[in-house]
>>> print(open('target.cif').read())   # mmCIF, N, CA and C atoms
data_protein
#
loop_
_atom_site.label_atom_id
_atom_site.label_comp_id
_atom_site.auth_asym_id
_atom_site.auth_seq_id
_atom_site.Cartn_x
_atom_site.Cartn_y
_atom_site.Cartn_z
N MET A 1 -6.70 5.81 -11.54
CA MET A 1 -5.30 5.49 -11.82
C MET A 1 -4.86 4.43 -10.83
N LYS A 2 -4.29 3.37 -11.35
CA LYS A 2 -3.72 2.35 -10.50
C LYS A 2 -2.45 1.84 -11.19
N PRO A 3 -1.28 2.31 -10.70
CA PRO A 3 -0.03 1.82 -11.31
C PRO A 3 0.12 0.32 -11.11
N SER A 4 0.75 -0.33 -12.08
CA SER A 4 0.97 -1.77 -11.96
C SER A 4 2.21 -2.08 -11.13
N HIS A 5 3.21 -1.17 -11.17
CA HIS A 5 4.43 -1.37 -10.39
C HIS A 5 5.29 -0.11 -10.46
N ILE A 6 6.32 -0.08 -9.63
CA ILE A 6 7.31 1.00 -9.74
C ILE A 6 8.16 0.65 -10.95
N GLU A 7 8.15 1.52 -11.94
CA GLU A 7 8.90 1.29 -13.18
C GLU A 7 10.38 1.51 -12.91
N HIS A 8 10.70 2.65 -12.28
CA HIS A 8 12.09 2.92 -11.93
C HIS A 8 12.18 4.06 -10.92
N ILE A 9 13.35 4.17 -10.35
CA ILE A 9 13.70 5.30 -9.48
C ILE A 9 14.82 6.04 -10.19
N GLY A 10 14.62 7.32 -10.43
CA GLY A 10 15.60 8.14 -11.13
C GLY A 10 16.54 8.81 -10.15
N ILE A 11 17.83 8.70 -10.40
CA ILE A 11 18.85 9.27 -9.52
C ILE A 11 19.74 10.20 -10.34
N ALA A 12 19.78 11.46 -9.94
CA ALA A 12 20.62 12.46 -10.61
C ALA A 12 22.06 12.30 -10.15
N VAL A 13 22.99 12.23 -11.11
CA VAL A 13 24.42 12.08 -10.80
C VAL A 13 25.23 13.08 -11.63
N LYS A 14 26.37 13.45 -11.09
CA LYS A 14 27.26 14.36 -11.82
C LYS A 14 28.04 13.63 -12.89
N ASN A 15 28.47 12.41 -12.58
CA ASN A 15 29.31 11.65 -13.51
C ASN A 15 28.76 10.24 -13.62
N ILE A 16 28.15 9.94 -14.73
CA ILE A 16 27.48 8.65 -14.90
C ILE A 16 28.47 7.49 -14.89
N ASP A 17 29.66 7.70 -15.47
CA ASP A 17 30.65 6.61 -15.51
C ASP A 17 31.12 6.23 -14.10
N GLU A 18 31.39 7.21 -13.26
CA GLU A 18 31.77 6.92 -11.87
C GLU A 18 30.63 6.27 -11.11
N SER A 19 29.43 6.73 -11.36
CA SER A 19 28.25 6.18 -10.68
C SER A 19 28.00 4.73 -11.09
N ILE A 20 28.18 4.43 -12.37
CA ILE A 20 28.00 3.06 -12.86
C ILE A 20 28.96 2.13 -12.12
N LYS A 21 30.20 2.56 -11.91
CA LYS A 21 31.17 1.72 -11.20
C LYS A 21 30.66 1.35 -9.81
N TYR A 22 30.08 2.31 -9.09
CA TYR A 22 29.55 2.02 -7.75
C TYR A 22 28.47 0.93 -7.83
N TYR A 23 27.51 1.12 -8.72
CA TYR A 23 26.40 0.16 -8.82
C TYR A 23 26.88 -1.22 -9.25
N GLN A 24 27.91 -1.28 -10.10
CA GLN A 24 28.43 -2.56 -10.56
C GLN A 24 29.40 -3.18 -9.56
N GLU A 25 30.38 -2.42 -9.11
CA GLU A 25 31.45 -2.97 -8.28
C GLU A 25 31.07 -3.15 -6.82
N VAL A 26 30.25 -2.26 -6.30
CA VAL A 26 29.87 -2.35 -4.88
C VAL A 26 28.57 -3.14 -4.71
N LEU A 27 27.56 -2.80 -5.50
CA LEU A 27 26.25 -3.46 -5.35
C LEU A 27 26.11 -4.72 -6.19
N GLY A 28 27.02 -4.91 -7.15
CA GLY A 28 26.98 -6.11 -7.97
C GLY A 28 25.88 -6.13 -9.01
N LEU A 29 25.37 -4.96 -9.38
CA LEU A 29 24.32 -4.87 -10.40
C LEU A 29 24.96 -4.72 -11.78
N GLU A 30 24.21 -5.08 -12.80
CA GLU A 30 24.71 -4.98 -14.17
C GLU A 30 24.01 -3.84 -14.90
N CYS A 31 24.79 -2.94 -15.46
CA CYS A 31 24.23 -1.88 -16.30
C CYS A 31 23.87 -2.51 -17.63
N TYR A 32 22.59 -2.48 -17.97
CA TYR A 32 22.16 -3.15 -19.20
C TYR A 32 21.83 -2.19 -20.33
N ASN A 33 21.80 -0.88 -20.05
CA ASN A 33 21.47 0.06 -21.12
C ASN A 33 21.99 1.45 -20.76
N ILE A 34 22.69 2.07 -21.71
CA ILE A 34 23.10 3.47 -21.60
C ILE A 34 22.54 4.16 -22.83
N GLU A 35 21.90 5.30 -22.61
CA GLU A 35 21.19 5.96 -23.70
C GLU A 35 21.17 7.46 -23.46
N GLU A 36 21.26 8.24 -24.53
CA GLU A 36 21.10 9.69 -24.42
C GLU A 36 19.71 10.06 -24.93
N VAL A 37 19.01 10.88 -24.15
CA VAL A 37 17.71 11.40 -24.56
C VAL A 37 17.94 12.89 -24.82
N LYS A 38 18.19 13.21 -26.09
CA LYS A 38 18.64 14.56 -26.46
C LYS A 38 17.65 15.65 -26.08
N ASP A 39 16.36 15.43 -26.32
CA ASP A 39 15.40 16.50 -26.03
C ASP A 39 15.25 16.77 -24.53
N GLN A 40 15.69 15.82 -23.69
CA GLN A 40 15.66 16.05 -22.24
C GLN A 40 17.03 16.42 -21.69
N LYS A 41 18.03 16.51 -22.60
CA LYS A 41 19.38 16.92 -22.23
C LYS A 41 19.96 16.04 -21.12
N VAL A 42 19.84 14.72 -21.34
CA VAL A 42 20.25 13.78 -20.31
C VAL A 42 20.83 12.51 -20.92
N LYS A 43 21.77 11.93 -20.21
CA LYS A 43 22.31 10.61 -20.53
C LYS A 43 21.86 9.69 -19.40
N THR A 44 21.36 8.51 -19.75
CA THR A 44 20.82 7.60 -18.74
C THR A 44 21.57 6.27 -18.74
N ALA A 45 21.56 5.63 -17.60
CA ALA A 45 22.09 4.26 -17.46
C ALA A 45 21.10 3.50 -16.59
N PHE A 46 20.81 2.26 -16.97
CA PHE A 46 19.79 1.46 -16.27
C PHE A 46 20.36 0.20 -15.65
N PHE A 47 19.81 -0.13 -14.48
CA PHE A 47 20.12 -1.35 -13.74
C PHE A 47 18.79 -1.95 -13.30
N LYS A 48 18.73 -3.27 -13.21
CA LYS A 48 17.52 -3.93 -12.69
C LYS A 48 17.80 -4.47 -11.30
N VAL A 49 16.83 -4.25 -10.42
CA VAL A 49 16.85 -4.83 -9.08
C VAL A 49 15.49 -5.50 -8.93
N GLY A 50 15.45 -6.80 -9.11
CA GLY A 50 14.16 -7.49 -9.15
C GLY A 50 13.39 -6.99 -10.35
N ASP A 51 12.14 -6.56 -10.13
CA ASP A 51 11.31 -6.05 -11.21
C ASP A 51 11.42 -4.53 -11.37
N THR A 52 12.19 -3.89 -10.52
CA THR A 52 12.32 -2.43 -10.53
C THR A 52 13.66 -2.04 -11.14
N LYS A 53 13.65 -0.92 -11.81
CA LYS A 53 14.89 -0.40 -12.41
C LYS A 53 15.39 0.80 -11.62
N ILE A 54 16.69 0.99 -11.67
CA ILE A 54 17.35 2.20 -11.21
C ILE A 54 17.82 2.91 -12.47
N GLU A 55 17.48 4.19 -12.60
CA GLU A 55 17.91 4.99 -13.74
C GLU A 55 18.84 6.08 -13.25
N LEU A 56 20.09 6.03 -13.69
CA LEU A 56 21.02 7.11 -13.40
C LEU A 56 20.85 8.17 -14.47
N LEU A 57 20.89 9.44 -14.05
CA LEU A 57 20.66 10.56 -14.96
C LEU A 57 21.81 11.55 -14.86
N GLU A 58 22.54 11.73 -15.96
CA GLU A 58 23.61 12.72 -16.01
C GLU A 58 23.20 13.79 -17.02
N SER A 59 23.30 15.04 -16.63
CA SER A 59 22.95 16.13 -17.52
C SER A 59 23.96 16.25 -18.65
N THR A 60 23.47 16.49 -19.86
CA THR A 60 24.35 16.78 -20.99
C THR A 60 24.42 18.28 -21.24
N ASP A 61 23.69 19.05 -20.43
CA ASP A 61 23.66 20.51 -20.55
C ASP A 61 23.35 21.08 -19.17
N PRO A 62 24.20 21.98 -18.65
CA PRO A 62 23.95 22.53 -17.31
C PRO A 62 22.59 23.23 -17.19
N GLU A 63 22.02 23.64 -18.32
CA GLU A 63 20.71 24.30 -18.29
C GLU A 63 19.55 23.32 -18.43
N GLY A 64 19.86 22.04 -18.60
CA GLY A 64 18.82 21.03 -18.68
C GLY A 64 18.23 20.75 -17.31
N PRO A 65 17.14 20.01 -17.24
CA PRO A 65 16.47 19.75 -15.96
C PRO A 65 17.36 19.07 -14.92
N ILE A 66 18.18 18.11 -15.33
CA ILE A 66 19.04 17.42 -14.36
C ILE A 66 20.17 18.33 -13.93
N GLY A 67 20.73 19.11 -14.86
CA GLY A 67 21.78 20.07 -14.51
C GLY A 67 21.28 21.07 -13.49
N LYS A 68 20.08 21.59 -13.69
CA LYS A 68 19.48 22.55 -12.74
C LYS A 68 19.19 21.89 -11.40
N PHE A 69 18.70 20.65 -11.45
CA PHE A 69 18.40 19.92 -10.21
C PHE A 69 19.68 19.74 -9.38
N ILE A 70 20.76 19.29 -10.00
CA ILE A 70 22.01 19.07 -9.28
C ILE A 70 22.56 20.38 -8.74
N GLU A 71 22.47 21.45 -9.52
CA GLU A 71 22.94 22.77 -9.06
C GLU A 71 22.19 23.20 -7.81
N LYS A 72 20.90 22.94 -7.78
CA LYS A 72 20.04 23.39 -6.67
C LYS A 72 20.08 22.44 -5.47
N LYS A 73 20.03 21.13 -5.73
CA LYS A 73 19.86 20.15 -4.65
C LYS A 73 20.99 19.16 -4.50
N GLY A 74 21.90 19.10 -5.49
CA GLY A 74 22.97 18.13 -5.45
C GLY A 74 22.52 16.79 -6.00
N GLU A 75 23.43 15.83 -5.98
CA GLU A 75 23.11 14.49 -6.47
C GLU A 75 22.11 13.81 -5.55
N GLY A 76 21.36 12.88 -6.11
CA GLY A 76 20.44 12.10 -5.29
C GLY A 76 19.18 11.73 -6.03
N ILE A 77 18.21 11.24 -5.28
CA ILE A 77 16.96 10.79 -5.89
C ILE A 77 16.28 11.98 -6.55
N HIS A 78 15.96 11.79 -7.81
CA HIS A 78 15.32 12.83 -8.62
C HIS A 78 13.82 12.59 -8.76
N HIS A 79 13.43 11.35 -9.03
CA HIS A 79 12.01 11.05 -9.22
C HIS A 79 11.72 9.57 -9.00
N ILE A 80 10.43 9.29 -8.85
CA ILE A 80 9.96 7.91 -8.83
C ILE A 80 8.99 7.76 -10.00
N ALA A 81 9.10 6.66 -10.72
CA ALA A 81 8.28 6.44 -11.91
C ALA A 81 7.38 5.23 -11.70
N PHE A 82 6.13 5.40 -12.08
CA PHE A 82 5.14 4.33 -11.98
C PHE A 82 4.69 3.90 -13.36
N ALA A 83 4.57 2.60 -13.56
CA ALA A 83 4.05 2.05 -14.82
C ALA A 83 2.53 2.12 -14.79
N VAL A 84 1.96 2.64 -15.86
CA VAL A 84 0.50 2.77 -15.98
C VAL A 84 0.06 2.28 -17.35
N LYS A 85 -1.19 1.95 -17.45
CA LYS A 85 -1.83 1.66 -18.73
C LYS A 85 -2.59 2.92 -19.13
N ASN A 86 -2.58 3.25 -20.39
CA ASN A 86 -3.27 4.41 -20.95
C ASN A 86 -2.87 5.71 -20.24
N ILE A 87 -1.67 6.14 -20.55
CA ILE A 87 -1.08 7.31 -19.89
C ILE A 87 -1.90 8.58 -20.10
N GLU A 88 -2.52 8.73 -21.25
CA GLU A 88 -3.31 9.95 -21.51
C GLU A 88 -4.52 10.02 -20.58
N ASP A 89 -5.22 8.90 -20.40
CA ASP A 89 -6.35 8.88 -19.46
C ASP A 89 -5.87 9.09 -18.03
N THR A 90 -4.69 8.54 -17.70
CA THR A 90 -4.13 8.70 -16.36
C THR A 90 -3.82 10.17 -16.09
N LEU A 91 -3.28 10.87 -17.07
CA LEU A 91 -3.01 12.30 -16.92
C LEU A 91 -4.30 13.09 -16.71
N LYS A 92 -5.32 12.77 -17.49
CA LYS A 92 -6.62 13.45 -17.34
C LYS A 92 -7.19 13.22 -15.94
N HIS A 93 -7.10 11.98 -15.48
CA HIS A 93 -7.61 11.64 -14.15
C HIS A 93 -6.85 12.41 -13.07
N ALA A 94 -5.53 12.47 -13.17
CA ALA A 94 -4.73 13.19 -12.18
C ALA A 94 -5.11 14.67 -12.17
N GLU A 95 -5.26 15.25 -13.36
CA GLU A 95 -5.62 16.67 -13.44
C GLU A 95 -7.01 16.92 -12.85
N GLU A 96 -7.94 16.01 -13.11
CA GLU A 96 -9.29 16.14 -12.54
C GLU A 96 -9.26 16.09 -11.02
N LYS A 97 -8.28 15.38 -10.47
CA LYS A 97 -8.13 15.28 -9.01
C LYS A 97 -7.33 16.45 -8.44
N GLY A 98 -6.99 17.44 -9.28
CA GLY A 98 -6.32 18.63 -8.80
C GLY A 98 -4.80 18.57 -8.83
N VAL A 99 -4.24 17.57 -9.46
CA VAL A 99 -2.78 17.45 -9.54
C VAL A 99 -2.27 18.36 -10.66
N GLN A 100 -1.22 19.12 -10.35
CA GLN A 100 -0.59 19.98 -11.35
C GLN A 100 0.29 19.12 -12.26
N LEU A 101 0.05 19.23 -13.55
CA LEU A 101 0.81 18.44 -14.52
C LEU A 101 1.99 19.24 -15.05
N ILE A 102 3.13 18.61 -15.17
CA ILE A 102 4.25 19.20 -15.90
C ILE A 102 4.03 18.95 -17.38
N ASP A 103 3.58 17.75 -17.71
CA ASP A 103 3.29 17.37 -19.09
C ASP A 103 1.79 17.14 -19.25
N LYS A 104 1.16 17.91 -20.13
CA LYS A 104 -0.29 17.74 -20.39
C LYS A 104 -0.54 16.51 -21.26
N THR A 105 0.46 16.14 -22.08
CA THR A 105 0.39 14.93 -22.89
C THR A 105 1.72 14.20 -22.74
N SER A 106 1.73 12.94 -23.08
CA SER A 106 2.95 12.15 -22.93
C SER A 106 3.95 12.50 -24.02
N ARG A 107 5.21 12.13 -23.76
CA ARG A 107 6.30 12.32 -24.73
C ARG A 107 7.19 11.08 -24.65
N LYS A 108 8.10 10.96 -25.58
CA LYS A 108 9.00 9.80 -25.60
C LYS A 108 10.12 9.99 -24.60
N GLY A 109 10.39 8.92 -23.85
CA GLY A 109 11.48 8.92 -22.88
C GLY A 109 12.46 7.80 -23.19
N ALA A 110 13.35 7.55 -22.26
CA ALA A 110 14.34 6.49 -22.41
C ALA A 110 13.63 5.14 -22.56
N GLU A 111 14.30 4.23 -23.20
CA GLU A 111 13.83 2.86 -23.44
C GLU A 111 12.53 2.81 -24.23
N GLY A 112 12.22 3.89 -24.96
CA GLY A 112 11.04 3.91 -25.81
C GLY A 112 9.72 4.04 -25.09
N LEU A 113 9.76 4.36 -23.80
CA LEU A 113 8.53 4.51 -23.03
C LEU A 113 7.87 5.85 -23.32
N ASP A 114 6.55 5.90 -23.23
CA ASP A 114 5.83 7.16 -23.22
C ASP A 114 5.81 7.62 -21.77
N ILE A 115 6.19 8.87 -21.55
CA ILE A 115 6.33 9.37 -20.18
C ILE A 115 5.63 10.71 -20.00
N ALA A 116 5.33 11.04 -18.75
CA ALA A 116 4.79 12.35 -18.39
C ALA A 116 5.07 12.54 -16.90
N PHE A 117 5.27 13.80 -16.51
CA PHE A 117 5.60 14.11 -15.13
C PHE A 117 4.49 14.88 -14.43
N LEU A 118 4.33 14.58 -13.15
CA LEU A 118 3.41 15.31 -12.27
C LEU A 118 4.26 16.21 -11.38
N HIS A 119 3.80 17.43 -11.17
CA HIS A 119 4.58 18.42 -10.43
C HIS A 119 4.69 18.06 -8.95
N PRO A 120 5.91 18.17 -8.39
CA PRO A 120 6.08 17.82 -6.97
C PRO A 120 5.28 18.70 -6.01
N LYS A 121 4.85 19.88 -6.44
CA LYS A 121 4.00 20.73 -5.57
C LYS A 121 2.66 20.05 -5.31
N SER A 122 2.26 19.16 -6.20
CA SER A 122 0.98 18.45 -6.07
C SER A 122 1.14 17.03 -5.57
N THR A 123 2.37 16.57 -5.39
CA THR A 123 2.61 15.18 -5.04
C THR A 123 3.46 15.06 -3.78
N PHE A 124 3.27 16.02 -2.89
CA PHE A 124 3.93 16.01 -1.58
C PHE A 124 5.45 15.99 -1.68
N GLY A 125 5.96 16.78 -2.65
CA GLY A 125 7.39 16.98 -2.77
C GLY A 125 8.14 15.94 -3.58
N VAL A 126 7.42 14.97 -4.16
CA VAL A 126 8.08 13.91 -4.93
C VAL A 126 7.75 14.09 -6.42
N LEU A 127 8.78 14.38 -7.22
CA LEU A 127 8.57 14.43 -8.66
C LEU A 127 8.14 13.03 -9.10
N THR A 128 6.98 12.95 -9.73
CA THR A 128 6.39 11.66 -10.10
C THR A 128 6.31 11.55 -11.61
N GLU A 129 6.84 10.44 -12.11
CA GLU A 129 6.79 10.17 -13.54
C GLU A 129 5.82 9.03 -13.79
N LEU A 130 5.02 9.17 -14.82
CA LEU A 130 4.15 8.10 -15.28
C LEU A 130 4.77 7.54 -16.55
N CYS A 131 4.78 6.22 -16.69
CA CYS A 131 5.39 5.56 -17.85
C CYS A 131 4.43 4.54 -18.43
N GLU A 132 4.37 4.52 -19.76
CA GLU A 132 3.59 3.49 -20.42
C GLU A 132 4.44 2.84 -21.50
N ASN A 133 4.50 1.52 -21.46
CA ASN A 133 5.19 0.76 -22.49
C ASN A 133 4.11 0.29 -23.45
N LYS A 134 3.99 0.96 -24.58
CA LYS A 134 2.94 0.63 -25.54
C LYS A 134 3.23 -0.65 -26.31
N ASN A 135 4.41 -1.24 -26.08
CA ASN A 135 4.76 -2.50 -26.73
C ASN A 135 4.33 -3.71 -25.91
N GLU A 136 3.79 -3.47 -24.72
CA GLU A 136 3.35 -4.59 -23.87
C GLU A 136 1.88 -4.85 -24.02
#
>>> encode(input="target.cif", output="structure tokens")
Amino acid sequence: MKPSHIEHIGIAVKNIDESIKYYQEVLGLECYNIEEVKDQKVKTAFFKVGDTKIELLESTDPEGPIGKFIEKKGEGIHHIAFAVKNIEDTLKHAEEKGVQLIDKTSRKGAEGLDIAFLHPKSTFGVLTELCENKNE
């Protein structure tokens, strides 16, 4: 496995609209996409900083993963995502190396990417997302 770049950094927020204002008005970034991913119970907003994206994540259900994360840990960095080629082979490789997988196979995420998560118990406390853009 060799990621090509950091795809994005995911940040859990309580209120996406208030958070967008900070990124736009204080940091001068432009929100270029807002999207709801229903099966993940989350609303997302994206900003670009160079070649890396910032993804804001607001829970649409308190029982969803972001709702539970905020309840337990509060707002803040939720995950780091790496761009990979052939996500299925990358997952197999990670599992062979002893990494605990949250997702055994990829699923659809925001912006049409195929995504899968590695468990933070196996990644030194950092929830790690793998992303593949099959349109590239």
>>> resolve_selection(input="target.cif", expression="the PyMOL selection byres ((chain A and resi 99) around 7)", output="ChimeraX atom specification")
/A:93-98,100-101,118-119,122-123
>>> closest_residue(input="target.cif", among="A:Ile115, A:Leu130, A:Val49, A:Val84", to="Glu30 of chain A", atoms="only C-alpha atoms")
A:Val49
>>> resolve_selection(input="target.cif", expression="the PyMOL selection byres ((chain A and resi 128) around 8)", output="PyMOL selection string")
chain A and resi 78-82+116-121+123+125-127+129-131
>>> resolve_selection(input="target.cif", expression="the PyMOL selection byres (((chain A and resi 4 and name CA) around 6) and name CA)", output="MDAnalysis selection string")
chainID A and resid 3 5 83
>>> atom_distance(input="target.cif", atom1="atom CA of Lys104 of chain A", atom2="atom CA of Val13 of chain A")
27.1 Å
>>> closest_residue(input="target.cif", among="A:Ile77, A:Ile66, A:Glu71, A:Gln40", to="Arg107 of chain A", atoms="only C-alpha atoms")
A:Gln40
>>> atom_distance(input="target.cif", atom1="atom C of Phe46 of chain A", atom2="atom CA of Gly109 of chain A")
14.4 Å
>>> axis_aligned_box(input="target.cif", around="segment 47-60 of chain A", padding_each_side="5 Å", output="AutoDock Vina command-line options")
--center_x 17.9 --center_y 5.4 --center_z -15.1 --size_x 23.1 --size_y 35.8 --size_z 22.3
>>> atom_distance(input="target.cif", atom1="atom N of Val26 of chain A", atom2="atom CA of Thr52 of chain A")
18.4 Å
>>> residues_around(input="target.cif", residues="Lys41 of chain A", least_positions_apart="5", cutoff="8 Å", atoms="all atoms listed in the file", output="JSON, numbers by chain")
{"A": [36, 57, 58, 59, 60, 61, 62, 63, 64, 65, 66, 67]}
